[in-house]
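For reference, query-v3.txt (compact mmCIF, C-alpha atoms):
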# COMPACT_ATOMS: atom_id res chain seq x y z
CA MET H 226 13.87 -24.61 -13.18
CA LEU H 227 15.26 -21.51 -14.84
CA LEU H 228 11.88 -19.93 -14.45
CA SER H 229 11.67 -20.77 -10.77
CA LEU H 230 15.23 -19.47 -10.26
CA LEU H 231 14.26 -16.23 -11.97
CA LEU H 232 11.17 -16.00 -9.79
CA LEU H 233 13.25 -16.61 -6.68
CA ALA H 234 15.70 -13.90 -7.73
CA SER H 235 12.92 -11.40 -8.31
CA ARG H 236 11.45 -12.35 -4.95
CA SER H 237 14.65 -11.72 -3.06
CA ALA H 238 14.93 -8.39 -4.86
CA LEU H 239 11.41 -7.62 -3.71
CA ALA H 240 12.19 -8.75 -0.18
CA ALA H 241 14.92 -6.14 -0.06
CA ASN H 242 12.24 -3.56 -0.76
CA GLY H 243 10.26 -4.68 2.28
CA GLY H 244 12.35 -2.49 4.54
CA GLN H 245 11.53 0.58 2.47
CA LEU H 246 7.80 -0.10 2.67
CA LEU H 247 7.75 -0.45 6.42
CA ASP H 248 10.64 0.71 8.57
CA LEU H 249 9.84 -0.78 11.96
CA ALA H 250 13.20 0.22 13.41
CA ALA H 251 12.19 3.89 13.08
CA LEU H 252 9.08 3.16 15.17
CA LYS H 253 10.95 1.68 18.10
CA GLY H 254 9.66 3.02 21.39
CA GLN H 255 6.10 2.97 20.17
CA VAL H 256 3.48 0.25 20.15
CA VAL H 257 2.81 -0.66 16.53
CA TYR H 258 -0.32 -2.34 15.25
CA VAL H 259 0.29 -3.68 11.74
CA ASP H 260 -2.87 -4.69 9.92
CA PHE H 261 -2.91 -6.46 6.55
CA TRP H 262 -6.02 -5.62 4.56
CA ALA H 263 -7.45 -5.69 1.06
CA SER H 264 -10.43 -4.09 -0.63
CA TRP H 265 -12.00 -7.49 -1.33
CA CYS H 266 -11.76 -8.62 2.28
CA ALA H 267 -15.14 -8.30 3.98
CA PRO H 268 -14.02 -8.28 7.66
CA CYS H 269 -11.51 -5.52 6.83
CA ARG H 270 -14.45 -3.15 6.37
CA GLU H 271 -15.43 -3.73 9.97
CA SER H 272 -11.93 -3.21 11.28
CA PHE H 273 -11.44 0.29 9.82
CA PRO H 274 -13.80 2.25 12.11
CA TRP H 275 -12.26 0.49 15.13
CA MET H 276 -8.70 1.24 13.99
CA ASN H 277 -9.64 4.90 13.45
CA ARG H 278 -10.98 5.06 16.98
CA MET H 279 -7.90 3.34 18.41
CA GLN H 280 -5.57 5.75 16.60
CA ASP H 281 -7.61 8.74 17.82
CA GLU H 282 -7.84 7.56 21.42
CA LEU H 283 -4.46 5.92 21.97
CA GLY H 284 -2.24 7.70 19.44
CA ARG H 285 -0.99 10.15 22.06
CA ASP H 286 -0.09 7.25 24.37
CA GLY H 287 2.28 5.94 21.71
CA LEU H 288 0.15 3.73 19.47
CA VAL H 289 0.93 3.70 15.76
CA ILE H 290 -1.46 1.88 13.46
CA ILE H 291 -0.11 0.90 10.06
CA ALA H 292 -2.48 -0.70 7.59
CA VAL H 293 -0.71 -2.59 4.82
CA ASN H 294 -2.81 -2.85 1.68
CA VAL H 295 -2.17 -5.89 -0.53
CA ASP H 296 -4.43 -5.06 -3.49
CA HIS H 297 -2.77 -5.66 -6.85
CA ASP H 298 -4.82 -2.88 -8.36
CA HIS H 299 -4.17 0.42 -6.61
CA SER H 300 -7.53 1.86 -7.73
CA ASP H 301 -9.36 -0.86 -5.75
CA ALA H 302 -7.57 0.30 -2.62
CA GLU H 303 -8.33 3.96 -3.38
CA HIS H 304 -12.00 3.13 -3.85
CA PHE H 305 -12.09 1.30 -0.51
CA LEU H 306 -10.38 4.20 1.24
CA ARG H 307 -12.91 6.65 -0.18
CA GLU H 308 -15.72 4.59 1.36
CA HIS H 309 -13.83 3.80 4.55
CA PRO H 310 -11.51 6.73 5.24
CA ALA H 311 -8.43 5.89 7.31
CA ARG H 312 -7.03 8.25 9.94
CA PHE H 313 -3.91 6.10 10.33
CA ARG H 314 -0.92 5.29 8.13
CA VAL H 315 -1.61 3.20 5.06
CA VAL H 316 1.20 1.41 3.23
CA PHE H 317 0.65 -0.01 -0.25
CA ASP H 318 2.30 -3.35 -0.98
CA PRO H 319 0.86 -4.63 -4.28
CA ASP H 320 3.62 -7.24 -4.66
CA GLY H 321 2.83 -8.88 -1.33
CA VAL H 322 6.36 -8.52 0.09
CA LEU H 323 5.37 -7.70 3.66
CA PRO H 324 2.66 -10.37 4.14
CA GLY H 325 5.24 -12.92 2.99
CA GLN H 326 7.77 -11.68 5.51
CA PHE H 327 5.24 -11.54 8.34
CA GLY H 328 3.81 -14.96 7.48
CA VAL H 329 0.21 -13.88 7.01
CA ARG H 330 -2.10 -16.92 6.91
CA GLY H 331 -5.45 -15.23 6.33
CA MET H 332 -6.99 -11.89 5.58
CA PRO H 333 -7.12 -9.75 7.58
CA THR H 334 -4.24 -10.50 9.93
CA SER H 335 -2.83 -8.06 12.42
CA PHE H 336 0.41 -8.02 14.39
CA LEU H 337 0.93 -6.20 17.64
CA ILE H 338 4.50 -5.06 18.19
CA ASP H 339 5.69 -3.77 21.56
CA ARG H 340 7.90 -0.76 22.28
CA ASP H 341 11.03 -2.90 21.97
CA GLY H 342 10.10 -3.98 18.45
CA ARG H 343 9.08 -7.53 19.35
CA VAL H 344 5.95 -9.06 17.83
CA GLN H 345 3.77 -9.76 20.86
CA SER H 346 0.72 -11.23 19.24
CA ARG H 347 -0.85 -12.12 15.95
CA HIS H 348 -4.56 -11.98 15.28
CA ALA H 349 -6.21 -13.54 12.23
CA GLY H 350 -9.61 -12.38 11.06
CA PHE H 351 -11.70 -9.59 12.48
CA ARG H 352 -15.10 -9.78 14.12
CA LEU H 353 -16.81 -7.04 16.01
CA THR H 354 -16.44 -9.13 19.18
CA ASP H 355 -12.65 -9.03 18.70
CA ARG H 356 -12.54 -5.31 19.35
CA ASP H 357 -12.56 -5.40 23.15
CA PRO H 358 -9.86 -8.07 23.62
CA LEU H 359 -7.64 -6.36 21.02
CA THR H 360 -8.12 -2.98 22.67
CA GLN H 361 -7.20 -4.55 25.99
CA GLN H 362 -4.02 -6.07 24.50
CA ILE H 363 -2.98 -2.73 23.04
CA ARG H 364 -3.60 -0.95 26.34
CA VAL H 365 -1.52 -3.51 28.24
CA LEU H 366 1.42 -2.99 25.85
CA LEU H 367 1.09 0.79 25.98
CA HIS H 368 1.35 0.74 29.76
CA ALA H 369 4.03 -1.94 29.94
CA HIS H 370 6.80 0.63 30.39
CA MET N 113 25.36 -47.00 -21.06
CA ARG N 114 22.12 -46.30 -22.88
CA ILE N 115 20.03 -47.18 -19.82
CA ARG N 116 22.20 -44.85 -17.78
CA THR N 117 21.58 -42.00 -20.20
CA VAL N 118 17.86 -42.68 -20.09
CA ASN N 119 18.00 -42.72 -16.28
CA CYS N 120 19.92 -39.48 -16.23
CA ILE N 121 17.38 -37.81 -18.51
CA ALA N 122 14.53 -39.18 -16.39
CA ILE N 123 16.08 -37.81 -13.19
CA LEU N 124 16.77 -34.47 -14.86
CA LEU N 125 13.17 -34.27 -16.06
CA GLY N 126 11.98 -35.20 -12.57
CA VAL N 127 14.02 -32.42 -11.01
CA LEU N 128 12.69 -29.96 -13.58
CA VAL N 129 9.12 -30.94 -12.77
CA ILE N 130 9.73 -30.50 -9.01
CA GLY N 131 11.21 -27.05 -9.62
CA GLY N 132 8.13 -26.08 -11.59
CA CYS N 133 5.88 -26.66 -8.58
CA SER N 134 7.99 -24.63 -6.17
CA THR N 135 6.17 -21.37 -6.79
CA LEU N 136 2.61 -22.63 -7.08
CA GLY N 137 -0.20 -21.86 -4.69
CA VAL N 138 -2.34 -18.84 -3.99
CA LYS N 139 -1.34 -16.98 -0.85
CA PRO N 140 -4.04 -15.58 1.43
CA TRP N 141 -3.26 -12.05 0.26
CA GLN N 142 -3.52 -13.04 -3.41
CA ARG N 143 -7.17 -14.07 -3.34
CA GLU N 144 -8.28 -10.88 -4.98
CA ILE N 145 -9.61 -12.48 -8.16
CA LEU N 146 -10.99 -15.52 -6.36
CA ALA N 147 -12.98 -13.21 -4.11
CA ARG N 148 -14.85 -11.60 -7.00
CA PRO N 149 -18.58 -12.39 -7.15
CA GLN N 150 -18.08 -13.76 -10.68
CA MET N 151 -15.85 -16.47 -9.24
CA ALA N 152 -18.53 -17.89 -6.95
CA LEU N 153 -19.89 -21.29 -8.00
CA ASN N 154 -23.43 -19.96 -7.73
CA ALA N 155 -24.20 -16.31 -8.41
CA GLU N 156 -27.87 -16.57 -7.41
CA PRO N 157 -28.14 -15.49 -3.76
CA ILE N 158 -31.52 -17.14 -3.03
CA ASP N 159 -30.45 -20.40 -4.64
CA ALA N 160 -27.20 -20.29 -2.70
CA ALA N 161 -29.06 -19.61 0.55
CA ILE N 162 -31.32 -22.63 -0.02
CA ASP N 163 -28.33 -24.83 -0.77
CA ASP N 164 -26.57 -23.52 2.32
CA HIS N 165 -29.59 -24.41 4.42
CA ILE N 166 -29.51 -27.98 3.08
CA TYR N 167 -25.79 -28.32 3.74
CA PHE N 168 -26.16 -26.90 7.21
CA SER N 169 -29.08 -29.12 8.22
CA LYS N 170 -27.76 -32.31 6.62
CA GLU N 171 -24.01 -31.98 7.07
CA ALA N 172 -23.60 -29.30 9.74
CA ALA N 173 -21.39 -27.45 7.24
CA SER N 174 -21.63 -23.77 6.48
CA GLY N 175 -19.67 -21.11 4.65
CA GLY N 176 -16.77 -21.56 2.29
CA ARG N 177 -18.63 -20.39 -0.80
CA SER N 178 -16.37 -17.56 -1.72
CA PHE N 179 -12.91 -16.45 -0.72
CA GLY N 180 -13.72 -12.95 0.43
CA GLY N 181 -13.21 -13.87 4.05
CA GLY N 182 -9.64 -14.92 3.48
CA GLY N 183 -9.84 -18.64 4.12
CA CYS N 184 -8.22 -18.67 7.53
CA GLY N 185 -11.36 -20.23 8.98
CA CYS N 186 -11.70 -17.36 11.39
CA ASN N 187 -14.31 -15.14 9.73
Could you quickly redo this structure as structure tokens?
Amino acid sequence: MLLSLLLLASRSALAANGGQLLDLAALKGQVVYVDFWASWCAPCRESFPWMNRMQDELGRDGLVIIAVNVDHDHSDAEHFLREHPARFRVVFDPDGVLPGQFGVRGMPTSFLIDRDGRVQSRHAGFRLTDRDPLTQQIRVLLHAH
Amino acid sequence: MRIRTVNCIAILLGVLVIGGCSTLGVKPWQREILARPQMALNAEPIDAAIDDHIYFSKEAASGGRSFGGGGCGCN
């Protein structure tokens, strides 16, 4: 019991750090695509080229892509990023604070947040056939205002 | 009185045991080690492929050999 209490305490301390990792309030007014990924996650490899393209094409329209890495070992993430370079923001969350807060149920999972800061949709997994519907969703949110 | 003490201790132990389970479980983003090739039940790809074929044709089941996909059933 003591142990679990200690764990709970350390978790709430970690949860307080979640805001420092990802400050969504500062991104208000923009469409934010938050993607949770890890080096060991096979579909994540397929999502990176698409996210690069999205950031390049739609960045000026107000799209911000933030990829949250959940690898415990930072070198694994670095290795992945060398093979699959990212042209969008990458946040490192080795303690898994943010996926806990977002309620991630599988890897990868992405969240699409509108310009008012509301989570509009959640997408679990990534297949190449998901690219078009996701692009469409992002475009709709970008032009909502 | 003695039975009461025993009951109290039993309840206390029970509560302790429940508390111990509160933080168990691997979250989807903690499958790093499970996703390693060494953690697969069968490391031989051809053998695994043959087994998969049997499972698929006899039980209409496929996948689920490793945890690299994330386990959300969507990959």
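Minimum atom-to-atom distance to H:Val295, evaluated using all atoms listed in the file, belongs to H:Ser264 out of H:Ser264, H:Gln255, H:Ser335, H:Gln245.
Computed from the coordinates, the atom CA of H:Asp260 to atom CA of H:Gln362 distance equals 14.7 Å.
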Please check the contacts: residues of chain H at most 12 Å away from chain N, using only C-alpha atoms, listed as a PyMOL selection string. chain H and resi 226-233+236+261-271+293-298+301-302+318-325+327-334+348-355
Write out the residues from the selection above, keeping C-alpha atoms, as an mmCIF file, in the frame of the given file.
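Output below, filename part.cif:
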data_model
loop_
_atom_site.group_PDB
_atom_site.id
_atom_site.type_symbol
_atom_site.label_atom_id
_atom_site.label_comp_id
_atom_site.auth_asym_id
_atom_site.auth_seq_id
_atom_site.Cartn_x
_atom_site.Cartn_y
_atom_site.Cartn_z
ATOM 1 C CA MET H 226 13.870 -24.610 -13.180
ATOM 2 C CA LEU H 227 15.260 -21.510 -14.840
ATOM 3 C CA LEU H 228 11.880 -19.930 -14.450
ATOM 4 C CA SER H 229 11.670 -20.770 -10.770
ATOM 5 C CA LEU H 230 15.230 -19.470 -10.260
ATOM 6 C CA LEU H 231 14.260 -16.230 -11.970
ATOM 7 C CA LEU H 232 11.170 -16.000 -9.790
ATOM 8 C CA LEU H 233 13.250 -16.610 -6.680
ATOM 9 C CA ARG H 236 11.450 -12.350 -4.950
ATOM 10 C CA PHE H 261 -2.910 -6.460 6.550
ATOM 11 C CA TRP H 262 -6.020 -5.620 4.560
ATOM 12 C CA ALA H 263 -7.450 -5.690 1.060
ATOM 13 C CA SER H 264 -10.430 -4.090 -0.630
ATOM 14 C CA TRP H 265 -12.000 -7.490 -1.330
ATOM 15 C CA CYS H 266 -11.760 -8.620 2.280
ATOM 16 C CA ALA H 267 -15.140 -8.300 3.980
ATOM 17 C CA PRO H 268 -14.020 -8.280 7.660
ATOM 18 C CA CYS H 269 -11.510 -5.520 6.830
ATOM 19 C CA ARG H 270 -14.450 -3.150 6.370
ATOM 20 C CA GLU H 271 -15.430 -3.730 9.970
ATOM 21 C CA VAL H 293 -0.710 -2.590 4.820
ATOM 22 C CA ASN H 294 -2.810 -2.850 1.680
ATOM 23 C CA VAL H 295 -2.170 -5.890 -0.530
ATOM 24 C CA ASP H 296 -4.430 -5.060 -3.490
ATOM 25 C CA HIS H 297 -2.770 -5.660 -6.850
ATOM 26 C CA ASP H 298 -4.820 -2.880 -8.360
ATOM 27 C CA ASP H 301 -9.360 -0.860 -5.750
ATOM 28 C CA ALA H 302 -7.570 0.300 -2.620
ATOM 29 C CA ASP H 318 2.300 -3.350 -0.980
ATOM 30 C CA PRO H 319 0.860 -4.630 -4.280
ATOM 31 C CA ASP H 320 3.620 -7.240 -4.660
ATOM 32 C CA GLY H 321 2.830 -8.880 -1.330
ATOM 33 C CA VAL H 322 6.360 -8.520 0.090
ATOM 34 C CA LEU H 323 5.370 -7.700 3.660
ATOM 35 C CA PRO H 324 2.660 -10.370 4.140
ATOM 36 C CA GLY H 325 5.240 -12.920 2.990
ATOM 37 C CA PHE H 327 5.240 -11.540 8.340
ATOM 38 C CA GLY H 328 3.810 -14.960 7.480
ATOM 39 C CA VAL H 329 0.210 -13.880 7.010
ATOM 40 C CA ARG H 330 -2.100 -16.920 6.910
ATOM 41 C CA GLY H 331 -5.450 -15.230 6.330
ATOM 42 C CA MET H 332 -6.990 -11.890 5.580
ATOM 43 C CA PRO H 333 -7.120 -9.750 7.580
ATOM 44 C CA THR H 334 -4.240 -10.500 9.930
ATOM 45 C CA HIS H 348 -4.560 -11.980 15.280
ATOM 46 C CA ALA H 349 -6.210 -13.540 12.230
ATOM 47 C CA GLY H 350 -9.610 -12.380 11.060
ATOM 48 C CA PHE H 351 -11.700 -9.590 12.480
ATOM 49 C CA ARG H 352 -15.100 -9.780 14.120
ATOM 50 C CA LEU H 353 -16.810 -7.040 16.010
ATOM 51 C CA THR H 354 -16.440 -9.130 19.180
ATOM 52 C CA ASP H 355 -12.650 -9.030 18.700
#
Kindly give the distance, in Å, that separates atom CA of H:Arg343 and atom CA of H:Phe273, rounded to a single decimal.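 Those two atoms sit 23.9 Å apart.
Atom CA of H:Ser300 is found 24.7 Å from atom CA of H:Gln280.
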Mind rebuilding stretch 130-142 of chain N with N, CA and C atoms and writing that out as a PDB file, keeping the file's coordinate frame?
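Just written: out11.pdb:
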ATOM      1  N   ILE N 130       9.820 -30.921 -10.417  1.00  0.00           N
ATOM      2  CA  ILE N 130       9.730 -30.500  -9.010  1.00  0.00           C
ATOM      3  C   ILE N 130       9.942 -28.985  -8.905  1.00  0.00           C
ATOM      4  N   GLY N 131      10.928 -28.494  -9.646  1.00  0.00           N
ATOM      5  CA  GLY N 131      11.210 -27.050  -9.620  1.00  0.00           C
ATOM      6  C   GLY N 131      10.010 -26.243 -10.091  1.00  0.00           C
ATOM      7  N   GLY N 132       9.278 -26.784 -11.037  1.00  0.00           N
ATOM      8  CA  GLY N 132       8.130 -26.080 -11.590  1.00  0.00           C
ATOM      9  C   GLY N 132       7.026 -25.873 -10.572  1.00  0.00           C
ATOM     10  N   CYS N 133       6.953 -26.761  -9.580  1.00  0.00           N
ATOM     11  CA  CYS N 133       5.880 -26.660  -8.580  1.00  0.00           C
ATOM     12  C   CYS N 133       6.263 -25.778  -7.403  1.00  0.00           C
ATOM     13  N   SER N 134       7.512 -25.304  -7.382  1.00  0.00           N
ATOM     14  CA  SER N 134       7.990 -24.630  -6.170  1.00  0.00           C
ATOM     15  C   SER N 134       7.293 -23.300  -5.930  1.00  0.00           C
ATOM     16  N   THR N 135       6.749 -22.696  -6.983  1.00  0.00           N
ATOM     17  CA  THR N 135       6.170 -21.370  -6.790  1.00  0.00           C
ATOM     18  C   THR N 135       4.650 -21.377  -6.972  1.00  0.00           C
ATOM     19  N   LEU N 136       4.066 -22.561  -6.918  1.00  0.00           N
ATOM     20  CA  LEU N 136       2.610 -22.630  -7.080  1.00  0.00           C
ATOM     21  C   LEU N 136       1.894 -22.292  -5.785  1.00  0.00           C
ATOM     22  N   GLY N 137       0.601 -22.082  -5.898  1.00  0.00           N
ATOM     23  CA  GLY N 137      -0.200 -21.860  -4.690  1.00  0.00           C
ATOM     24  C   GLY N 137      -0.600 -20.408  -4.558  1.00  0.00           C
ATOM     25  N   VAL N 138      -1.840 -20.201  -4.191  1.00  0.00           N
ATOM     26  CA  VAL N 138      -2.340 -18.840  -3.990  1.00  0.00           C
ATOM     27  C   VAL N 138      -2.211 -18.500  -2.512  1.00  0.00           C
ATOM     28  N   LYS N 139      -1.518 -17.422  -2.238  1.00  0.00           N
ATOM     29  CA  LYS N 139      -1.340 -16.980  -0.850  1.00  0.00           C
ATOM     30  C   LYS N 139      -2.619 -16.273  -0.385  1.00  0.00           C
ATOM     31  N   PRO N 140      -2.811 -16.213   0.934  1.00  0.00           N
ATOM     32  CA  PRO N 140      -4.040 -15.580   1.430  1.00  0.00           C
ATOM     33  C   PRO N 140      -4.228 -14.153   0.916  1.00  0.00           C
ATOM     34  N   TRP N 141      -3.128 -13.444   0.688  1.00  0.00           N
ATOM     35  CA  TRP N 141      -3.260 -12.050   0.260  1.00  0.00           C
ATOM     36  C   TRP N 141      -3.358 -11.926  -1.265  1.00  0.00           C
ATOM     37  N   GLN N 142      -3.402 -13.083  -1.950  1.00  0.00           N
ATOM     38  CA  GLN N 142      -3.520 -13.040  -3.410  1.00  0.00           C
ATOM     39  C   GLN N 142      -4.890 -13.518  -3.881  1.00  0.00           C
TER      40      GLN N 142
END
